[in-house]
Each structure stands twice: as structure tokens, then as C-alpha cells.
Amino acid sequence: MSSDHADAASDGTGTLDDAHNAFVTEAIIEGDDEGPLAGRTIAIKDNMSTDGVRTTCGSAMLDDYVPPYNATVVDRVLDAGATMVGKANMDEFAMGGTTETSAFGATENPAAPGRVPGGSSGGSAAAVAAGDADLALGSDTGGSVRNPAAFCGVVGIKPTYGLVSRYGIVAYANSLEQVGPLANTVEDAAALLDVISGPDPNDATTNDGGAESDYAAAADGDVDGLTIGVITDLIEGAEDDVVATFQSSLDDLEAQGAAITEVSLESLEHAVQAYYVIAMSEASSNLARFDGVRYGPDTDAEGNWNEQFAAVREKGFGPEVKRRILLGTYALSAGYHDKYYKKAQDARAWVKQDFDDAFADVDVLASPTMPVVPPKLGESLDDPLQLYLMDANTVPVNLANLPAISVPAGDVDGLPVGCQLIGPKFGEETIIRAASAVED
Amino acid sequence: MSDSPVDADEVEHVADLARVDLADAEREEFTEQFADILDYFEALDEVPEVDSDPELVNVMRADEVEEGLSQDEATRNAPETEDGFFKGPSVS
């Protein structure tokens, strides 16, 4: 099971200046000499296993955890010739939208000094925006690739569920998450998706949707005749300046021959509620593995298994992770399962149906990626519910297992705004084509 | 949020189920925050029942023996091991 790329130079003396704390660990892993990504550097989110290089997931629980194997996506980018330059900072266990819940300190947004880079893949987006890496891998459970792409002014793709292997990714909410690429251009992000997509015998949820892909070739900017539906429900909650910037992207697309129409999806009103109930429930089960026996910090706790288990988790987990584990445990507990978890699954099915119906009439759906501009560092963590509501435009895509891309739409007083384009299942080429017309 | 389903005892009970010790201050803070969050989740009540087919189905195959992690690799990250096994506290 050990990989061909085990010789990591992980001596902690990186060559990057990392002025934005985009990396938890600077470490070089050289890729193959040849391949579609030869000569390119890549940042890997720190929830993806790297053989011989510590993988913290942004948590004190995994402060000194060193995986004995590579995640499938890591092997694929190295085989394709990319050189890893470091493990990117992230919200602890990918739970957050600002990269401020990391146990290794917040990341600053290179495109908006003093502000958050978004999250949870904030280090990945910041590394690309700052020029510390040509490319990056993030993971997107409820927007964690698209959100930081929008806030840092780069491109990010959340693929169709099952297009990319999750083998070797530290699990948070299995039914929702996908690994996705970040890059400075749509074509670069698409080329990275070509490399990481395709079936994997080690992840039974993968499909062959991306097996013989040439997504990079779809970045041709040709939107003549394309029908784009603007999701009005996701405009209503967005800031006026953000909507105006998003609208300028639509005007661009219309000028290039796309038809713009309006679409309303009634179910989206319940998407954030459904997303958080499902994600927290899955998290409460997934994170049970952090028991202080197989991983985790040593504590001086006395007592039996349960008592020591609880003490390690008090010490190793930060507040947002504890909140989600507890709320997930609550939502799944006797007497509340039908009220929360079952209803959330109904809402998820409803959201899927609404999207399916919408795609009968349009090729692509569009919204601002984030309803707001990046908040200032230190402003968001006091009110978890407000942070959850910031995910309103991104979580519906994960609930419906669909692909989506965030592409820079412009800025509000220098603060980046992203345009989100959503496609039907396996519609990666269509959204890449449309996004490449936005960036022109 | 006086009609909230959660009080400090309920939060303590859930923390106990989830095997997470909480400091007193954390319990107080969570009780307040959970009231807001669960109140927001209440709106799921309005969601109609939806019939849907699962997108994923189980596909069975015979087990095959493959090379896996060595015992040393598998236990390398454990705080305590003995003779190649994980070592944990007593169960009861």
C-alpha cells in the first residue's frame, strides 16, 4: 500500500514565505518528470492523506498524525507531474467557512488584506491567489471549494458526486463531500479535474463519469445558444453590491450569445437547514474514530475507556467541531431522528427534484457564489448560526449531488465576488465552458 | 427561547452520549447557541414528504485478499501500543 512518492522532504524548512499562513506544513513531494501537470506546483488541503507528511485536518487531534499512504487524488496529481509544495490550512475537520477554526491559526486573504479567505479550503485558495502554488486541491462538503475561490478571486470546481475519489480524505460528511480543484484560470482548474477524476476501486461511491474526460478542452468560451437560469431565491438574500457585480457577469454572457432567464426553486428555503442536519449527523458518526487510542493527544485522564475517550475529545477538538458532533448526536437520538434527520432527507430529495425540473428548461443555473463579500478576520465566529446562513448559495449543490464552478465576477471596492454556475449531473463540460466565457 | 427543547442538562446528556467532556463555560455557551440553531431547524417541519429513489445501490462482490498496511504502519500513530497492538484504557 505504500506509494511511489514516499520520499518527502518534510523538514519544516519550506521555501515559501507563506505571508498569509496558507500552509500548516510546508513540505515538498516531487511528482513524476512527465505528465499533464509537469512543472506545476500544487497545494494539497490538509485533510488529504500524504504518505510521510503530517496531515492535521486543521485539528490539534491530529497534530502529529503522519499517514502511511497517499490519498488517491494525491497519487494522481503526483503521477501527472505536479510537485506538492505544502499542506494547506483549513477549518478544523473542514467545519467552517472562514478558515478561522483551524487549530494552526487563521489564514489571511491575499486578495483582501485583513479579511478571511473563506473556507473551509481557505489555505488552498490563498496559496493559489498569493502565487505560492499554481494549483490546489480542496474539498467541498457544502461550498468549501467554491466559497474560498470566490473570496480569494480564483476559480474553484465542485464536481458531480462520485466523479472524484474520496479515498484517503479524512471523512466529515461522506454523502455530501467531493474533492475539487482550485486554480487561477478555468482551463487550469479543468485540467486538474481531468487528472483527479475517474473511478477508484478504493472508493465504492466513485463512478466513471470522468473516466475519459477532456474538461480542459471545454474551456473554449463558446456560450452561443446556451440558456442560463438565474436562481432568484439565491439573489434575494445577497448584498446589493454583490448582486450588481454578479449581474455584470450575466450581461457579459448575454453579449456573447447566451440567453438569460429566471428560475425559482421553492425547496431552497430549506436547504441550509437540511444541509446542516445531514452534515452534523454524518460528522457525529465519522468523528467517533478519534478516540485517543488510534490517534490523538495523550492526556493525563484517569478512568475507564469512556472517561478517557471523553477527555481526549475535550482536549483535541475545537468548539465548532464539538458543536457539530453534539448537534448531530442530538439530531440522530431517539425521539428526534424523525423530526430532524428524516425531514432533512425529505428536504434533500425535494431540492434534487427542483433542480431536475429546472434543468428541463435551462442548460446552466447561476447565482452569486457567496451572498456577501469576505468578512474581516475575527468578526464571524461569535454567532455560528449567522455563519451557517452564509452558505445559503453553495449547500443546495451538495444536497443535489451536482457539479458547480465559482469563477471571478469582479469586485466590490476591491473585494472579490464569485459567480457560481451549476450544471446537471455530469455537466462539468457545460459549466466549464460557461465559466470560461465569464473570465474572458 | 424559553420554549427551547434544550437546557444545560440536555446539552450535558448529549455530550455524554457523544463522549465529549465540556467545560462549564462551554456548556452554557452551547445551550444558548443550540437554542438558536434548533429553533432555525424547526422550519424543516414545513417540508412535505418526498418519494425518491436512492442514487446509490449496494453492489456485492466476493472478498479478495490484497496487500494492506503492515501492523507497524497501522499502529504508528497510536499514543500507546504493545507487541504490535493498540493499547487502550480498560473498557469498564
# chains A, B, ... in the order shown; residues from 1 in each chain; ligands from 1

$ residues_around --residues "Phe30 in chain B" --least-positions-apart "2" --cutoff "12 Å" --atoms "only C-alpha atoms" --output "ChimeraX atom specification"
/A:319-327,382-385 /B:6-12,14-15,22-28,32-38

$ interface_residues --of "chain A" --to "chain B" --cutoff "7 Å" --atoms "only C-alpha atoms" --output "list in words"
Met1, Tyr65, Val66, Pro68, His270, Gln273, Val293, Arg294, Tyr295, Gly296, Asp298, Asn304, Trp305, Asn306, Phe309, Ala310, Ala311, Arg313, Glu314, Leu326, Thr329, Tyr330, Lys343, Ala344, Asp346, Ala347, Ala349, Trp350 and Leu385 of chain A

$ select_by_dssp --residues "range 354-417 of chain A" --states "alpha helix (DSSP H)" --output "MDAnalysis selection string"
chainID A and resid 354:358 384:389 395:399

$ closest_residue --among "A:Asp354, A:Glu108, A:Glu302, A:Asp140" --to "Asp18 in chain A" --atoms "only C-alpha atoms"
A:Glu108

$ residues_around --residues "Ser144 in chain A" --least-positions-apart "5" --cutoff "7 Å" --atoms "only C-alpha atoms" --output "list in words"
Gly97, Gly119, Ser120, Ser121 and Ser139 of chain A

$ write_last_selection --atoms "N, CA and C atoms" --output "PDB file, in the first residue's frame"
ATOM      1  N   GLY A  97     -16.453  28.227   7.376  1.00  0.00           N
ATOM      2  CA  GLY A  97     -16.448  28.888   6.079  1.00  0.00           C
ATOM      3  C   GLY A  97     -15.474  30.044   6.023  1.00  0.00           C
ATOM      4  N   GLY A 119     -13.706  29.529   3.391  1.00  0.00           N
ATOM      5  CA  GLY A 119     -13.336  28.206   3.882  1.00  0.00           C
ATOM      6  C   GLY A 119     -14.336  27.172   3.422  1.00  0.00           C
ATOM      7  N   SER A 120     -14.097  25.934   3.732  1.00  0.00           N
ATOM      8  CA  SER A 120     -13.039  25.546   4.630  1.00  0.00           C
ATOM      9  C   SER A 120     -11.682  25.396   3.941  1.00  0.00           C
ATOM     10  N   SER A 121     -11.646  25.345   2.585  1.00  0.00           N
ATOM     11  CA  SER A 121     -10.367  25.190   1.882  1.00  0.00           C
ATOM     12  C   SER A 121      -9.679  26.552   1.697  1.00  0.00           C
ATOM     13  N   SER A 139     -11.572  20.466  -0.714  1.00  0.00           N
ATOM     14  CA  SER A 139     -12.719  19.562  -0.660  1.00  0.00           C
ATOM     15  C   SER A 139     -13.951  20.400  -0.355  1.00  0.00           C
TER      16      SER A 139
END

$ residues_around --residues "range 70-75 of chain A" --least-positions-apart "3" --cutoff "8 Å" --atoms "only C-alpha atoms" --output "VMD selection string"
chain A and resid 2 to 3 5 44 48 to 51 67 78 to 79 164 to 169 196 200

$ write_last_selection --atoms "C-alpha atoms" --output "PDB file, in the first residue's frame"
ATOM      1  CA  SER A   2       2.966   2.365   0.253  1.00  0.00           C
ATOM      2  CA  SER A   3       3.237   4.726  -2.673  1.00  0.00           C
ATOM      3  CA  HIS A   5       6.107   9.065  -3.784  1.00  0.00           C
ATOM      4  CA  ILE A  44      -2.932  19.983  -1.006  1.00  0.00           C
ATOM      5  CA  MET A  48      -5.904  14.621   2.292  1.00  0.00           C
ATOM      6  CA  SER A  49      -3.530  11.852   3.315  1.00  0.00           C
ATOM      7  CA  THR A  50       0.086  12.297   2.215  1.00  0.00           C
ATOM      8  CA  ASP A  51       2.463   9.404   2.784  1.00  0.00           C
ATOM      9  CA  PRO A  67      -0.399   8.919   7.217  1.00  0.00           C
ATOM     10  CA  LEU A  78       1.973  13.358  -8.463  1.00  0.00           C
ATOM     11  CA  ASP A  79       1.718  10.785 -11.266  1.00  0.00           C
ATOM     12  CA  VAL A 164     -13.551  12.070  -7.843  1.00  0.00           C
ATOM     13  CA  SER A 165     -12.268   9.527  -5.314  1.00  0.00           C
ATOM     14  CA  ARG A 166     -12.510  10.318  -1.615  1.00  0.00           C
ATOM     15  CA  TYR A 167     -10.117   7.503  -0.640  1.00  0.00           C
ATOM     16  CA  GLY A 168      -7.635   8.872   1.872  1.00  0.00           C
ATOM     17  CA  ILE A 169      -9.646  12.024   2.647  1.00  0.00           C
ATOM     18  CA  ILE A 196      -8.150  13.629 -10.447  1.00  0.00           C
ATOM     19  CA  ASP A 200     -11.264   4.248  -7.994  1.00  0.00           C
TER      20      ASP A 200
END

$ select_by_dssp --residues "range 78-288 of chain A" --states "strand (DSSP E or B)" --output "VMD selection string"
chain A and resid 83 to 88 115 135 to 140 155 to 158 164 169 178 to 183 197 227 to 231 259 to 263

$ write_last_selection --atoms "N, CA and C atoms" --output "CSV table (one decimal), in the first residue's frame"
chain,number,residue,atom,x,y,z
A,83,THR,N,4.2,18.9,-8.5
A,83,THR,CA,5.0,18.9,-7.3
A,83,THR,C,4.3,19.5,-6.1
A,84,MET,N,4.1,18.8,-5.1
A,84,MET,CA,3.4,19.3,-3.9
A,84,MET,C,4.3,20.3,-3.1
A,85,VAL,N,3.8,21.5,-2.8
A,85,VAL,CA,4.7,22.4,-2.1
A,85,VAL,C,4.3,22.5,-0.6
A,86,GLY,N,3.1,22.0,-0.3
A,86,GLY,CA,2.7,22.1,1.1
A,86,GLY,C,1.3,21.6,1.4
A,87,LYS,N,1.0,21.4,2.7
A,87,LYS,CA,-0.4,21.0,3.1
A,87,LYS,C,-1.1,22.3,3.5
A,88,ALA,N,-2.2,22.5,2.9
A,88,ALA,CA,-2.9,23.8,3.0
A,88,ALA,C,-3.8,23.9,4.3
A,115,ARG,N,-8.9,40.4,5.8
A,115,ARG,CA,-10.2,39.6,5.7
A,115,ARG,C,-9.9,38.1,5.5
A,135,LEU,N,-1.6,25.5,-8.5
A,135,LEU,CA,-2.8,24.8,-8.4
A,135,LEU,C,-3.1,24.4,-7.0
A,136,ALA,N,-4.3,24.0,-6.7
A,136,ALA,CA,-4.6,23.5,-5.3
A,136,ALA,C,-5.7,22.5,-5.4
A,137,LEU,N,-5.7,21.6,-4.4
A,137,LEU,CA,-6.8,20.7,-4.2
A,137,LEU,C,-7.5,21.2,-2.9
A,138,GLY,N,-8.9,21.2,-3.0
A,138,GLY,CA,-9.7,21.5,-1.8
A,138,GLY,C,-10.7,20.4,-1.7
A,139,SER,N,-11.6,20.5,-0.7
A,139,SER,CA,-12.7,19.6,-0.7
A,139,SER,C,-14.0,20.4,-0.4
A,140,ASP,N,-15.1,20.0,-0.9
A,140,ASP,CA,-16.3,20.8,-0.9
A,140,ASP,C,-17.5,19.9,-0.4
A,155,VAL,N,-10.5,30.4,-9.3
A,155,VAL,CA,-11.6,29.5,-9.8
A,155,VAL,C,-11.6,28.3,-8.9
A,156,GLY,N,-12.8,27.8,-8.7
A,156,GLY,CA,-12.9,26.5,-7.9
A,156,GLY,C,-14.1,25.7,-8.4
A,157,ILE,N,-13.9,24.4,-8.5
A,157,ILE,CA,-14.9,23.5,-9.0
A,157,ILE,C,-15.3,22.4,-8.0
A,158,LYS,N,-16.6,22.3,-7.8
A,158,LYS,CA,-17.2,21.2,-7.0
A,158,LYS,C,-17.7,20.2,-8.0
A,164,VAL,N,-14.9,12.1,-8.4
A,164,VAL,CA,-13.6,12.1,-7.8
A,164,VAL,C,-13.5,11.2,-6.6
A,169,ILE,N,-9.2,10.7,2.1
A,169,ILE,CA,-9.6,12.0,2.6
A,169,ILE,C,-10.2,11.8,4.0
A,178,GLN,N,-17.0,16.2,-1.9
A,178,GLN,CA,-16.2,15.9,-3.1
A,178,GLN,C,-14.9,16.7,-3.1
A,179,VAL,N,-13.8,16.1,-3.6
A,179,VAL,CA,-12.6,16.8,-3.8
A,179,VAL,C,-12.7,17.7,-5.0
A,180,GLY,N,-12.2,18.9,-5.0
A,180,GLY,CA,-12.3,19.8,-6.2
A,180,GLY,C,-11.0,20.6,-6.4
A,181,PRO,N,-10.8,21.0,-7.7
A,181,PRO,CA,-9.6,21.8,-8.0
A,181,PRO,C,-9.8,23.3,-7.8
A,182,LEU,N,-8.7,24.0,-7.5
A,182,LEU,CA,-8.6,25.4,-7.5
A,182,LEU,C,-7.5,25.9,-8.3
A,183,ALA,N,-7.6,27.0,-9.1
A,183,ALA,CA,-6.6,27.5,-9.9
A,183,ALA,C,-6.9,28.9,-10.3
A,197,SER,N,-10.2,13.1,-11.7
A,197,SER,CA,-11.5,12.4,-11.8
A,197,SER,C,-11.3,11.0,-12.4
A,227,THR,N,-28.6,28.4,-22.6
A,227,THR,CA,-29.6,29.0,-21.7
A,227,THR,C,-29.2,29.0,-20.3
A,228,ILE,N,-29.1,30.1,-19.6
A,228,ILE,CA,-28.7,30.2,-18.2
A,228,ILE,C,-29.9,30.7,-17.4
A,229,GLY,N,-30.2,30.0,-16.4
A,229,GLY,CA,-31.3,30.3,-15.5
A,229,GLY,C,-30.7,30.9,-14.2
A,230,VAL,N,-31.1,32.2,-13.9
A,230,VAL,CA,-30.7,32.8,-12.6
A,230,VAL,C,-31.6,32.4,-11.5
A,231,ILE,N,-31.1,31.8,-10.4
A,231,ILE,CA,-31.9,31.4,-9.3
A,231,ILE,C,-32.3,32.6,-8.4
A,259,ALA,N,-28.6,33.0,-23.5
A,259,ALA,CA,-29.9,33.5,-23.2
A,259,ALA,C,-30.1,33.4,-21.7
A,260,ILE,N,-30.5,34.6,-21.0
A,260,ILE,CA,-30.6,34.6,-19.6
A,260,ILE,C,-32.1,34.6,-19.2
A,261,THR,N,-32.4,33.7,-18.3
A,261,THR,CA,-33.8,33.6,-17.9
A,261,THR,C,-33.9,33.5,-16.3
A,262,GLU,N,-35.0,33.6,-15.7
A,262,GLU,CA,-35.1,33.5,-14.3
A,262,GLU,C,-35.8,32.2,-13.8
A,263,VAL,N,-35.3,31.6,-12.7
A,263,VAL,CA,-35.8,30.4,-12.2
A,263,VAL,C,-36.0,30.5,-10.7

$ residues_around --residues "Thr430 in chain A" --least-positions-apart "6" --cutoff "8 Å" --atoms "only C-alpha atoms" --output "mmCIF file with C-alpha atoms, in the first residue's frame"
data_model
loop_
_atom_site.group_PDB
_atom_site.id
_atom_site.type_symbol
_atom_site.label_atom_id
_atom_site.label_comp_id
_atom_site.auth_asym_id
_atom_site.auth_seq_id
_atom_site.Cartn_x
_atom_site.Cartn_y
_atom_site.Cartn_z
ATOM 1 C CA ALA A 218 -14.261 22.668 -22.859
ATOM 2 C CA ASP A 363 -28.533 24.350 -19.521
ATOM 3 C CA VAL A 364 -26.910 26.048 -16.554
ATOM 4 C CA GLY A 423 -24.785 22.109 -14.107
#

$ atom_distance --atom1 "CA of Val170 in chain A" --atom2 "CA of Val372 in chain A"
29.0 Å

$ residues_around --residues "Asp17 in chain A" --least-positions-apart "6" --cutoff "12 Å" --atoms "only C-alpha atoms" --output "PDB file with N, CA and C atoms, in the first residue's frame"
ATOM      1  N   PHE A  23      -0.371  27.675   4.714  1.00  0.00           N
ATOM      2  CA  PHE A  23       0.069  26.286   4.890  1.00  0.00           C
ATOM      3  C   PHE A  23       0.176  25.916   6.369  1.00  0.00           C
ATOM      4  N   GLU A  26       4.830  23.030   5.408  1.00  0.00           N
ATOM      5  CA  GLU A  26       5.496  23.171   4.108  1.00  0.00           C
ATOM      6  C   GLU A  26       6.344  21.938   3.886  1.00  0.00           C
ATOM      7  N   VAL A  85       3.847  21.468  -2.817  1.00  0.00           N
ATOM      8  CA  VAL A  85       4.694  22.395  -2.060  1.00  0.00           C
ATOM      9  C   VAL A  85       4.262  22.524  -0.605  1.00  0.00           C
ATOM     10  N   GLY A  86       3.104  21.989  -0.258  1.00  0.00           N
ATOM     11  CA  GLY A  86       2.712  22.052   1.143  1.00  0.00           C
ATOM     12  C   GLY A  86       1.288  21.622   1.375  1.00  0.00           C
ATOM     13  N   ALA A 127      -3.239  30.000  -1.227  1.00  0.00           N
ATOM     14  CA  ALA A 127      -1.959  29.608  -1.825  1.00  0.00           C
ATOM     15  C   ALA A 127      -1.951  29.930  -3.322  1.00  0.00           C
ATOM     16  N   ALA A 130      -2.038  33.857  -3.796  1.00  0.00           N
ATOM     17  CA  ALA A 130      -0.775  34.514  -3.437  1.00  0.00           C
ATOM     18  C   ALA A 130       0.368  34.104  -4.364  1.00  0.00           C
ATOM     19  N   GLY A 131       0.122  33.120  -5.233  1.00  0.00           N
ATOM     20  CA  GLY A 131       1.181  32.650  -6.114  1.00  0.00           C
ATOM     21  C   GLY A 131       2.127  31.661  -5.454  1.00  0.00           C
ATOM     22  N   ASP A 132       1.759  31.149  -4.284  1.00  0.00           N
ATOM     23  CA  ASP A 132       2.592  30.149  -3.608  1.00  0.00           C
ATOM     24  C   ASP A 132       2.465  28.776  -4.261  1.00  0.00           C
ATOM     25  N   ALA A 133       1.399  28.570  -5.032  1.00  0.00           N
ATOM     26  CA  ALA A 133       1.204  27.330  -5.781  1.00  0.00           C
ATOM     27  C   ALA A 133       0.426  27.666  -7.047  1.00  0.00           C
TER      28      ALA A 133
END

$ atom_distance --atom1 "CA of Asp64 in chain A" --atom2 "CA of Thr25 in chain A"
11.1 Å

$ residues_around --residues "Ala80 in chain A" --least-positions-apart "5" --cutoff "9 Å" --atoms "only C-alpha atoms" --output "JSON, numbers by chain"
{"A": [31, 32, 33, 34, 35, 36, 37, 38, 75, 195]}

$ write_last_selection --atoms "C-alpha atoms" --output "PDB file, in the first residue's frame"
ATOM      1  CA  GLY A  31       5.946  14.414  -8.852  1.00  0.00           C
ATOM      2  CA  ASP A  32       6.827  12.457 -11.974  1.00  0.00           C
ATOM      3  CA  ASP A  33       9.001  14.137 -14.624  1.00  0.00           C
ATOM      4  CA  GLU A  34       6.357  13.908 -17.291  1.00  0.00           C
ATOM      5  CA  GLY A  35       2.606  14.335 -17.410  1.00  0.00           C
ATOM      6  CA  PRO A  36      -0.099  16.919 -17.987  1.00  0.00           C
ATOM      7  CA  LEU A  37       0.852  18.758 -14.775  1.00  0.00           C
ATOM      8  CA  ALA A  38       4.658  18.531 -15.199  1.00  0.00           C
ATOM      9  CA  ASP A  75      -1.156   9.857  -6.149  1.00  0.00           C
ATOM     10  CA  VAL A 195      -6.265  14.390 -13.668  1.00  0.00           C
TER      11      VAL A 195
END
